[in-house]
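File shown: query_16.txt (compact mmCIF, C-alpha atoms and all ligand atoms).
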```txt
# COMPACT_ATOMS: atom_id res chain seq x y z
CA MET W 119 119.18 130.58 25.38
CA GLU W 120 118.34 133.57 27.49
CA SER W 121 115.93 131.54 29.57
CA ILE W 122 118.56 128.82 30.15
CA GLU W 123 120.80 131.50 31.57
CA LYS W 124 117.96 132.61 33.85
CA VAL W 125 117.33 129.09 35.14
CA ARG W 126 121.03 128.57 35.70
CA LYS W 127 121.14 131.62 37.94
CA ILE W 128 118.01 130.62 39.87
CA LEU W 129 119.45 127.17 40.54
CA LEU W 130 122.81 128.45 41.69
CA ASP W 131 121.12 130.95 44.02
CA LYS W 132 119.03 128.13 45.44
CA VAL W 133 122.17 126.13 46.18
CA TYR W 134 123.78 129.03 48.02
CA ASP W 135 120.62 129.66 50.06
CA SER W 136 119.81 126.10 50.96
CA ASP W 137 120.61 124.08 54.08
CA SER W 138 120.25 120.90 52.04
CA PRO W 139 121.66 122.01 48.66
CA ARG W 140 121.68 118.52 47.19
CA GLU W 141 117.92 118.80 46.75
CA VAL W 142 118.51 121.27 43.89
CA LEU W 143 119.67 118.33 41.74
CA ARG W 144 116.14 116.96 41.99
CA SER W 145 114.43 120.33 41.42
CA LYS W 146 111.73 120.71 38.85
CA GLU W 147 113.66 123.52 37.11
CA LEU W 148 116.60 121.25 36.33
CA ARG W 149 114.35 118.40 35.30
CA GLY W 150 112.49 120.92 33.11
CA LEU W 151 115.71 121.76 31.24
CA TYR W 152 116.36 118.11 30.47
CA GLY W 153 112.73 117.74 29.42
CA LEU W 154 113.25 120.47 26.80
CA ILE W 155 115.77 118.37 24.86
CA LYS W 156 113.24 116.17 23.17
CA THR W 157 111.17 119.18 22.05
CA LEU W 158 114.09 120.51 19.93
CA PRO W 159 114.90 119.67 16.32
CA VAL W 160 117.25 116.68 16.21
CA GLU W 161 120.28 118.62 15.06
CA GLU W 162 120.11 121.04 17.99
CA ARG W 163 119.68 118.44 20.70
CA SER W 164 123.31 117.50 21.16
CA SER W 165 124.69 120.99 21.75
CA PHE W 166 121.73 121.88 23.98
CA GLY W 167 122.29 118.71 26.01
CA GLN W 168 125.95 119.55 26.48
CA LYS W 169 125.00 122.99 27.74
CA ILE W 170 122.66 121.55 30.34
CA ASN W 171 125.26 119.04 31.44
CA GLY W 172 127.64 121.93 31.86
CA ILE W 173 125.10 123.69 34.08
CA LYS W 174 124.58 120.52 36.08
CA GLN W 175 128.32 120.21 36.69
CA GLU W 176 128.44 123.81 37.81
CA ILE W 177 125.62 123.14 40.23
CA GLU W 178 127.38 120.06 41.60
CA LYS W 179 130.50 122.09 42.22
CA ALA W 180 128.44 124.77 43.95
CA ILE W 181 126.78 122.09 46.11
CA LEU W 182 130.19 120.88 47.33
CA GLU W 183 131.19 124.43 48.19
CA ARG W 184 127.91 125.05 49.97
CA GLU W 185 128.20 121.82 51.94
CA GLU W 186 131.69 122.79 52.99
CA VAL W 187 130.33 126.08 54.36
CA LEU W 188 127.43 124.35 56.13
CA ASN W 189 129.80 121.90 57.81
CA THR W 190 131.99 124.60 59.24
CA VAL W 191 129.23 126.92 60.35
CA SER W 192 129.11 127.11 64.13
CA LEU W 193 125.64 127.53 65.53
CA PRO W 194 125.28 129.14 68.94
CA PRO W 195 124.92 126.41 71.60
CA ILE W 196 121.45 125.91 73.07
CA ASP W 197 121.34 126.65 76.78
CA ILE W 198 118.79 124.16 78.06
CA THR W 199 118.98 125.69 81.54
CA ALA W 200 117.99 129.17 80.35
CA PRO W 201 114.75 130.41 81.92
CA MET W 202 111.77 130.11 79.67
CA ASP W 203 110.20 133.24 78.31
CA ILE W 204 106.72 132.81 79.72
CA ASN W 205 105.42 135.74 77.69
CA ALA W 206 106.43 134.20 74.37
CA PRO W 207 103.40 132.98 72.45
CA GLN W 208 102.86 129.26 73.08
CA PRO W 209 101.64 126.91 70.37
CA GLU W 210 98.21 125.61 71.19
CA LEU W 211 98.56 121.95 72.17
CA LEU W 212 96.05 119.23 71.64
CA PRO W 213 95.72 116.63 74.41
CA SER W 214 97.31 114.14 72.03
CA ASP W 215 100.37 116.38 71.58
CA ARG W 216 100.80 116.63 75.30
CA GLY W 217 100.52 112.92 76.01
CA THR W 218 98.67 111.44 78.97
CA ILE W 219 99.50 108.85 81.58
CA HIS W 220 98.13 105.46 80.61
CA PRO W 221 94.95 104.79 82.62
CA LEU W 222 96.37 101.54 84.01
CA SER W 223 99.58 103.22 85.18
CA ARG W 224 97.59 105.90 86.90
CA GLU W 225 95.23 103.44 88.60
CA ILE W 226 98.18 101.26 89.69
CA ASP W 227 99.63 104.33 91.40
CA ARG W 228 96.32 104.90 93.18
CA ILE W 229 96.03 101.27 94.24
CA SER W 230 99.61 101.21 95.52
CA ASP W 231 99.02 104.42 97.39
CA ILE W 232 96.02 102.99 99.25
CA PHE W 233 97.93 99.87 100.24
CA ASN W 234 101.00 101.90 101.25
CA ARG W 235 98.84 103.85 103.63
CA MET W 236 97.66 100.52 105.06
CA GLY W 237 101.30 99.56 105.70
CA PHE W 238 102.04 97.38 102.66
CA VAL W 239 105.35 97.79 100.82
CA MET W 240 105.47 97.41 97.06
CA GLU W 241 107.49 94.86 95.10
CA GLU W 242 107.82 94.28 91.36
CA SER W 243 107.28 91.04 89.52
CA ARG W 244 109.19 90.03 86.40
CA GLU W 245 108.27 89.09 82.85
CA ILE W 246 110.03 85.74 82.76
CA ASP W 247 110.18 83.30 85.65
CA ASP W 248 110.81 79.67 86.55
CA GLN W 249 108.62 76.71 87.40
CA PHE W 250 109.64 76.80 91.04
CA HIS W 251 108.07 80.23 91.56
CA MET W 252 105.10 79.60 89.28
CA PHE W 253 104.24 76.17 90.69
CA GLU W 254 106.40 74.25 93.18
CA SER W 255 106.74 76.98 95.81
CA LEU W 256 102.95 77.42 95.58
CA ASN W 257 102.20 73.80 96.38
CA PHE W 258 101.59 72.64 92.82
CA PRO W 259 103.94 69.63 92.69
CA LYS W 260 104.96 68.25 89.27
CA GLY W 261 101.95 66.68 87.55
CA HIS W 262 99.41 68.55 89.72
CA PRO W 263 96.22 68.90 87.65
CA ALA W 264 95.65 72.52 88.72
CA ARG W 265 98.79 73.48 86.76
CA ASP W 266 96.59 73.27 83.67
CA ASP W 267 94.20 75.91 85.03
CA TYR W 268 96.74 78.53 84.09
CA ASP W 269 97.17 78.86 80.34
CA THR W 270 100.85 79.48 80.79
CA PHE W 271 103.16 80.69 78.02
CA MET W 272 106.42 78.75 78.18
CA THR W 273 109.76 79.08 76.41
CA VAL W 274 111.03 76.34 74.09
CA GLU W 275 114.45 76.44 75.83
CA THR W 276 114.84 74.84 79.22
CA ASP W 277 116.78 75.91 82.31
CA LYS W 278 119.47 73.88 84.12
CA ASP W 279 116.79 71.61 85.65
CA GLY W 280 115.40 70.81 82.20
CA ASP W 281 112.28 72.94 82.88
CA ARG W 282 110.87 75.49 80.49
CA LEU W 283 110.78 79.11 81.61
CA ILE W 284 107.41 80.83 81.88
CA ALA W 285 105.80 84.21 81.43
CA PRO W 286 104.12 84.55 84.85
CA ALA W 287 100.41 83.72 84.61
CA HIS W 288 99.71 85.36 87.97
CA THR W 289 101.53 87.61 90.43
CA SER W 290 101.50 84.77 92.98
CA THR W 291 104.90 83.85 91.47
CA MET W 292 106.22 86.55 93.80
CA GLN W 293 104.79 85.10 97.03
CA ASN W 294 107.84 82.98 97.85
CA ARG W 295 110.24 85.85 97.13
CA VAL W 296 108.27 88.28 99.27
CA LEU W 297 108.07 85.80 102.16
CA VAL W 298 111.81 85.12 102.02
CA LYS W 299 112.77 88.78 101.64
CA TYR W 300 110.73 90.00 104.63
CA ARG W 301 110.96 86.84 106.79
CA ASP W 302 113.15 88.63 109.35
CA ASN W 303 110.30 91.04 110.10
CA LEU W 304 108.54 88.23 111.97
CA ALA W 305 111.31 87.66 114.52
CA LYS W 306 111.19 91.41 115.23
CA GLY W 307 107.47 91.12 115.96
CA GLU W 308 106.53 92.90 112.71
CA ALA W 309 104.25 91.63 109.96
CA ILE W 310 105.17 90.75 106.40
CA ALA W 311 102.94 93.06 104.36
CA ALA W 312 103.63 93.49 100.64
CA ILE W 313 101.78 94.08 97.40
CA VAL W 314 102.96 93.25 93.89
CA PRO W 315 101.09 95.08 91.13
CA ASP W 316 102.43 93.88 87.80
CA ARG W 317 101.84 92.33 84.40
CA VAL W 318 100.75 88.74 83.89
CA PHE W 319 100.33 86.69 80.74
CA ARG W 320 97.94 83.94 79.71
CA ASN W 321 97.49 82.06 76.49
CA GLU W 322 93.83 83.00 76.18
CA ASP W 323 91.48 83.52 73.29
CA LEU W 324 90.86 87.25 73.20
CA ASP W 325 87.47 88.82 73.67
CA ALA W 326 85.96 91.81 75.46
CA ARG W 327 86.72 90.20 78.85
CA HIS W 328 89.97 88.35 78.13
CA GLU W 329 93.43 89.61 77.24
CA HIS W 330 96.68 87.68 76.96
CA THR W 331 98.43 90.48 78.85
CA PHE W 332 96.84 92.03 81.90
CA TYR W 333 97.59 93.28 85.39
CA GLN W 334 97.11 91.84 88.83
CA VAL W 335 97.88 93.09 92.28
CA GLU W 336 99.06 90.40 94.66
CA GLY W 337 98.81 90.95 98.40
CA VAL W 338 100.69 88.98 101.05
CA TYR W 339 100.25 89.46 104.79
CA VAL W 340 101.79 87.24 107.48
CA ALA W 341 102.01 87.70 111.23
CA LYS W 342 100.97 85.93 114.45
CA GLY W 343 97.26 85.12 114.69
CA VAL W 344 96.13 86.43 111.28
CA ASN W 345 92.65 85.12 110.36
CA VAL W 346 89.98 85.19 107.65
CA GLY W 347 88.36 88.23 109.26
CA ASN W 348 91.56 90.22 108.69
CA LEU W 349 91.57 89.17 105.04
CA ILE W 350 88.00 90.25 104.38
CA ALA W 351 88.34 93.51 106.30
CA THR W 352 91.54 94.44 104.44
CA LEU W 353 90.00 93.81 101.02
CA GLN W 354 86.75 95.55 101.85
CA GLU W 355 88.61 98.57 103.20
CA PHE W 356 90.79 98.73 100.08
CA LEU W 357 87.86 98.46 97.67
CA GLN W 358 85.77 101.08 99.47
CA GLU W 359 88.70 103.45 99.43
CA TYR W 360 89.34 102.77 95.74
CA TYR W 361 85.72 103.28 94.66
CA GLY W 362 85.08 105.98 97.24
CA LYS W 363 81.84 104.46 98.51
CA LYS W 364 80.44 101.83 100.82
CA LEU W 365 80.39 98.42 99.17
CA TYR W 366 79.21 95.00 100.20
CA VAL W 367 81.34 91.93 99.65
CA ARG W 368 80.39 88.30 99.13
CA VAL W 369 82.82 85.50 99.88
CA ASN W 370 82.35 82.08 98.28
CA PRO W 371 84.48 78.98 98.87
CA PHE W 372 86.91 78.19 96.05
CA TYR W 373 90.07 76.20 95.41
CA PHE W 374 93.68 77.26 94.96
CA PRO W 375 96.55 74.89 95.84
CA PHE W 376 98.38 77.70 97.65
CA THR W 377 95.63 78.89 100.00
CA GLU W 378 93.48 76.98 102.47
CA PRO W 379 90.70 77.84 102.82
CA SER W 380 90.40 79.61 99.46
CA PHE W 381 87.75 82.09 98.41
CA GLU W 382 86.34 83.86 95.46
CA PHE W 383 85.54 87.40 96.36
CA ALA W 384 82.63 89.29 94.83
CA LEU W 385 81.74 92.92 95.20
CA SER W 386 78.36 94.63 95.11
CA CYS W 387 78.30 96.37 91.73
CA PRO W 388 79.81 99.85 92.27
CA PHE W 389 78.00 101.01 89.14
CA CYS W 390 74.35 100.12 89.77
CA GLU W 391 74.60 98.83 93.36
CA GLY W 392 72.35 95.98 92.32
CA LYS W 393 69.53 98.36 91.40
CA ASN W 394 69.62 98.12 87.60
CA PRO W 395 68.53 94.81 86.04
CA ASP W 396 69.98 96.04 82.71
CA CYS W 397 73.37 97.09 84.12
CA LYS W 398 76.12 96.33 81.58
CA VAL W 399 78.83 96.13 84.21
CA CYS W 400 77.30 93.35 86.36
CA SER W 401 74.79 91.99 83.79
CA GLY W 402 72.07 92.88 86.26
CA GLU W 403 73.32 90.43 88.87
CA GLY W 404 74.39 93.10 91.33
CA TRP W 405 77.64 91.25 92.10
CA ILE W 406 80.98 91.12 90.35
CA GLU W 407 83.55 88.35 90.85
CA LEU W 408 86.69 90.25 91.44
CA LEU W 409 89.50 88.25 92.91
CA GLY W 410 90.85 85.04 94.39
CA CYS W 411 92.16 84.92 97.92
CA GLY W 412 92.60 82.78 100.98
CA MET W 413 94.74 81.89 103.97
CA ILE W 414 98.29 81.04 102.88
CA HIS W 415 98.77 77.26 102.76
CA PRO W 416 101.19 75.90 105.43
CA LYS W 417 103.31 74.35 102.67
CA VAL W 418 103.82 77.77 101.05
CA LEU W 419 105.02 79.18 104.38
CA GLU W 420 107.31 76.15 104.85
CA ALA W 421 108.79 76.62 101.36
CA ALA W 422 109.92 80.04 102.60
CA ASP W 423 111.21 78.68 105.93
CA ILE W 424 108.41 80.18 107.99
CA ASP W 425 106.90 77.99 110.73
CA PRO W 426 103.16 77.63 109.98
CA ASN W 427 102.52 76.65 113.61
CA GLU W 428 103.72 80.02 114.73
CA TYR W 429 102.60 82.33 111.93
CA THR W 430 99.59 82.54 109.62
CA GLY W 431 98.76 84.86 106.79
CA PHE W 432 96.51 85.71 103.90
CA ALA W 433 97.09 86.34 100.21
CA PHE W 434 94.96 87.73 97.42
CA GLY W 435 95.30 88.29 93.71
CA CYS W 436 93.08 90.93 92.13
CA GLY W 437 92.71 91.69 88.42
CA ILE W 438 93.53 95.38 87.99
CA ASP W 439 92.06 95.73 84.48
CA ARG W 440 88.69 94.56 85.75
CA LEU W 441 88.86 96.93 88.73
CA VAL W 442 89.56 99.88 86.42
CA MET W 443 86.93 98.82 83.87
CA MET W 444 84.31 98.83 86.60
CA LYS W 445 85.41 102.21 87.87
CA TYR W 446 85.03 103.92 84.49
CA GLY W 447 82.46 101.69 82.79
CA ILE W 448 84.97 100.51 80.15
CA GLU W 449 83.32 97.76 78.15
CA ASP W 450 86.29 96.09 76.43
CA VAL W 451 89.52 95.03 78.15
CA ARG W 452 91.37 95.07 74.82
CA HIS W 453 91.25 98.89 74.73
CA PHE W 454 94.04 99.03 77.32
CA GLU W 455 96.73 97.44 75.14
CA SER W 456 95.35 98.75 71.84
CA GLY W 457 97.29 102.03 71.72
CA ARG W 458 94.10 103.68 70.48
CA LEU W 459 94.43 107.41 71.05
CA ASP W 460 90.69 108.08 71.04
CA PHE W 461 90.45 105.76 74.06
CA LEU W 462 93.60 106.86 75.85
CA GLU W 463 92.94 110.59 75.47
CA GLN W 464 89.88 110.33 77.66
CA PHE W 465 92.05 109.77 80.72
N1 LIG F 501 96.81 83.78 91.73
C1 LIG F 501 95.40 83.51 91.74
C2 LIG F 501 94.87 83.68 90.32
O1 LIG F 501 95.45 84.41 89.54
C3 LIG F 501 94.67 84.43 92.69
C4 LIG F 501 95.09 84.25 94.11
C5 LIG F 501 96.13 84.96 94.66
C6 LIG F 501 94.40 83.35 94.91
C7 LIG F 501 96.48 84.78 95.99
C8 LIG F 501 94.73 83.17 96.22
C9 LIG F 501 95.77 83.90 96.76
O2 LIG F 501 93.90 83.08 89.93
```

Same coordinates, now as structure tokens:
Amino acid sequence: MESIEKVRKILLDKVYDSDSPREVLRSKELRGLYGLIKTLPVEERSSFGQKINGIKQEIEKAILEREEVLNTVSLPPIDITAPMDINAPQPELLPSDRGTIHPLSREIDRISDIFNRMGFVMEESREIDDQFHMFESLNFPKGHPARDDYDTFMTVETDKDGDRLIAPAHTSTMQNRVLVKYRDNLAKGEAIAAIVPDRVFRNEDLDARHEHTFYQVEGVYVAKGVNVGNLIATLQEFLQEYYGKKLYVRVNPFYFPFTEPSFEFALSCPFCEGKNPDCKVCSGEGWIELLGCGMIHPKVLEAADIDPNEYTGFAFGCGIDRLVMMKYGIEDVRHFESGRLDFLEQF
């Protein structure tokens, strides 16, 4: 009996000390009291049980009182503008506590910065778009076989024209918008010069080189008398600036409906510079296929009300993930979207 009295006091003190007094109801002391019942001779159990119930009721009453006090307590307001005490001891932070900028975000900033210095403005793409911007405005009429080259995700619902919406499979979906938005530059004797670094989506089987979600940077440049030489020089200049070294480029003919002529652009391997037959980055070939580009097709200019007899331009679309993988020797593109801290913390 004496020990019951002791426990009762301990529990009530706990209630009056606690910021979450309800937890006392689940405490091991109280459960211990109930556990005692079955150890007693049968005839004593009932009166002992009543005693414990009495204690429990007392505790419940005390909890209500304590909660009342807690609810009316006024804590001093926190002044978030107060100067920090720089001499106060700081907890030691791990890199993971501090957080880091995602490597792709950081590289996109660097890429944009280089193009800004070359006079390109930046535009954003979107994560859902229509067939006009994905195909028609880019000279893929309905039924064009090259539409199938893009493993495009589409919605089940259709828009007012009965077409499904799409998750953009390349940043070229922004070409028409950029041309229309900056068209007035041309009459003023200025160029249209824009980049669009953003996310794209393809219904691909995933492996170390393929992701369903990745990044491209689109470039669009239109003015009077623009030619293939301007295209190659711009890309070479950008890539050398990005990798911080002299690089050689190789330009092979290719096909896109929205550029003519079209090219596939390869870069001398910035890792081994063609000197290591066992190089993992270029598989010992010395060259890396990096991007598609070409001179903007007259029909694409016409779709944006720009006279192709007066103005010409180039466009390119470069995979950012691949660019960054080559810079840091990252062997698997899936790391980027994996959320793996051991990968992300290295940047
Ligand atoms: N959009 C093309 C692709 O993703 C690349 C490209 C962009 C080609 C601009 C030419 C001009 O494959």

Any chance you could work out the axis-aligned box around stretch 399-410 of chain W, listed atoms only, 6 Å on each side, giving centre and edge lengths in Å to one decimal, as lines of an AutoDock Vina configuration file?
```
center_x = 81.5
center_y = 90.6
center_z = 89.1
size_x = 30.8
size_y = 23.1
size_z = 22.6
```

- line: What separates atom CA of W:Lys174 and atom CA of W:Thr190 is a distance of 24.7 Å

task: List all protein, DNA and RNA residues that have any atom at most 6 Å from ligand LIG 501 (chain F), counting only C-alpha atoms and all ligand atoms, and write the list as a ChimeraX atom specification.
output: /W:288,290,377,410-412,433-435

What are the nearest atom pairs, with distances in Å to one decimal, for all residues of stretch 366-454 of chain W that come at most 8 Å from stretch 322-335 of chain W, using only C-alpha atoms, set out by chain and rising residue number as a tab-separated table?
```
residue	atom	partner	partner_atom	distance
W:Phe434	CA	W:Val335	CA	8.0
W:Gly435	CA	W:Val335	CA	5.6
W:Cys436	CA	W:Val335	CA	5.3
W:Gly437	CA	W:Gln334	CA	4.4
W:Ile438	CA	W:Gln334	CA	5.1
W:Asp439	CA	W:Tyr333	CA	6.1
W:Glu449	CA	W:Ala326	CA	7.0
W:Asp450	CA	W:Ala326	CA	4.4
W:Val451	CA	W:Ala326	CA	5.5
W:Arg452	CA	W:Glu329	CA	6.3
```

message: Excluding W:Ser230 and its own-chain neighbours fewer than 3 positions away, which residues fall within 8 Å of it when counting all atoms listed in the file? Please give them as a PyMOL selection string.
response: chain W and resi 226-227+233-234+240+313+315

query: Nearest to W:Ala312: which of W:Gly280, W:Gly402, W:Pro259, W:Gly431 is it, counting all atoms listed in the file?
result: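 So, comparing all the options, the nearest one is W:Gly431.
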
Output stretch 378-410 of chain W with N, CA and C atoms present, as a short mmCIF file (atom, residue, chain, number, x, y, z; two decimals), keeping the file's coordinate frame.
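Result saved to result.cif:
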```
data_model
loop_
_atom_site.label_atom_id
_atom_site.label_comp_id
_atom_site.auth_asym_id
_atom_site.auth_seq_id
_atom_site.Cartn_x
_atom_site.Cartn_y
_atom_site.Cartn_z
N GLU W 378 94.43 77.90 101.85
CA GLU W 378 93.48 76.98 102.47
C GLU W 378 92.97 77.57 103.76
N PRO W 379 91.70 77.90 103.89
CA PRO W 379 90.70 77.84 102.82
C PRO W 379 90.93 78.91 101.74
N SER W 380 90.31 78.66 100.57
CA SER W 380 90.40 79.61 99.46
C SER W 380 89.02 80.21 99.19
N PHE W 381 89.03 81.42 98.69
CA PHE W 381 87.75 82.09 98.41
C PHE W 381 87.77 82.82 97.09
N GLU W 382 86.55 82.97 96.59
CA GLU W 382 86.34 83.86 95.46
C GLU W 382 85.57 85.04 96.04
N PHE W 383 86.01 86.20 95.69
CA PHE W 383 85.54 87.40 96.36
C PHE W 383 84.71 88.21 95.37
N ALA W 384 83.46 88.48 95.73
CA ALA W 384 82.63 89.29 94.83
C ALA W 384 82.26 90.59 95.53
N LEU W 385 81.98 91.56 94.71
CA LEU W 385 81.74 92.92 95.20
C LEU W 385 80.36 93.36 94.72
N SER W 386 79.62 94.08 95.59
CA SER W 386 78.36 94.63 95.11
C SER W 386 78.69 95.63 94.00
N CYS W 387 77.94 95.59 92.93
CA CYS W 387 78.30 96.37 91.73
C CYS W 387 78.44 97.86 92.06
N PRO W 388 79.66 98.43 91.92
CA PRO W 388 79.81 99.85 92.27
C PRO W 388 79.10 100.76 91.28
N PHE W 389 78.67 100.20 90.15
CA PHE W 389 78.00 101.01 89.14
C PHE W 389 76.51 101.18 89.44
N CYS W 390 75.82 100.03 89.60
CA CYS W 390 74.35 100.12 89.77
C CYS W 390 73.94 99.74 91.19
N GLU W 391 74.90 99.27 92.00
CA GLU W 391 74.60 98.83 93.36
C GLU W 391 73.46 97.84 93.39
N GLY W 392 73.37 97.03 92.36
CA GLY W 392 72.35 95.98 92.32
C GLY W 392 70.96 96.50 92.00
N LYS W 393 70.87 97.78 91.59
CA LYS W 393 69.53 98.36 91.40
C LYS W 393 69.08 98.38 89.94
N ASN W 394 70.01 98.04 89.02
CA ASN W 394 69.62 98.12 87.60
C ASN W 394 69.69 96.75 86.94
N PRO W 395 68.52 96.15 86.66
CA PRO W 395 68.53 94.81 86.04
C PRO W 395 69.18 94.81 84.66
N ASP W 396 69.34 95.98 84.03
CA ASP W 396 69.98 96.04 82.71
C ASP W 396 71.43 96.50 82.77
N CYS W 397 72.00 96.56 83.97
CA CYS W 397 73.37 97.09 84.12
C CYS W 397 74.36 96.28 83.28
N LYS W 398 75.15 97.00 82.47
CA LYS W 398 76.12 96.33 81.58
C LYS W 398 77.32 95.81 82.36
N VAL W 399 77.63 96.49 83.46
CA VAL W 399 78.83 96.13 84.21
C VAL W 399 78.65 94.79 84.94
N CYS W 400 77.50 94.59 85.59
CA CYS W 400 77.30 93.35 86.36
C CYS W 400 76.27 92.43 85.71
N SER W 401 75.84 92.74 84.51
CA SER W 401 74.79 91.99 83.79
C SER W 401 73.52 91.87 84.64
N GLY W 402 73.28 92.86 85.47
CA GLY W 402 72.07 92.88 86.26
C GLY W 402 72.10 91.98 87.48
N GLU W 403 73.26 91.34 87.72
CA GLU W 403 73.32 90.43 88.87
C GLU W 403 73.58 91.13 90.19
N GLY W 404 74.13 92.35 90.10
CA GLY W 404 74.39 93.10 91.33
C GLY W 404 75.71 92.75 91.98
N TRP W 405 76.36 91.67 91.52
CA TRP W 405 77.64 91.25 92.10
C TRP W 405 78.68 91.06 91.00
N ILE W 406 79.91 91.32 91.32
CA ILE W 406 80.98 91.12 90.35
C ILE W 406 82.11 90.31 90.99
N GLU W 407 82.43 89.18 90.36
CA GLU W 407 83.55 88.35 90.85
C GLU W 407 84.82 89.11 90.58
N LEU W 408 85.58 89.32 91.61
CA LEU W 408 86.69 90.25 91.44
C LEU W 408 88.05 89.63 91.66
N LEU W 409 88.15 88.72 92.60
CA LEU W 409 89.50 88.25 92.91
C LEU W 409 89.48 86.91 93.63
N GLY W 410 90.66 86.27 93.64
CA GLY W 410 90.85 85.04 94.39
C GLY W 410 91.69 85.36 95.62
#
```
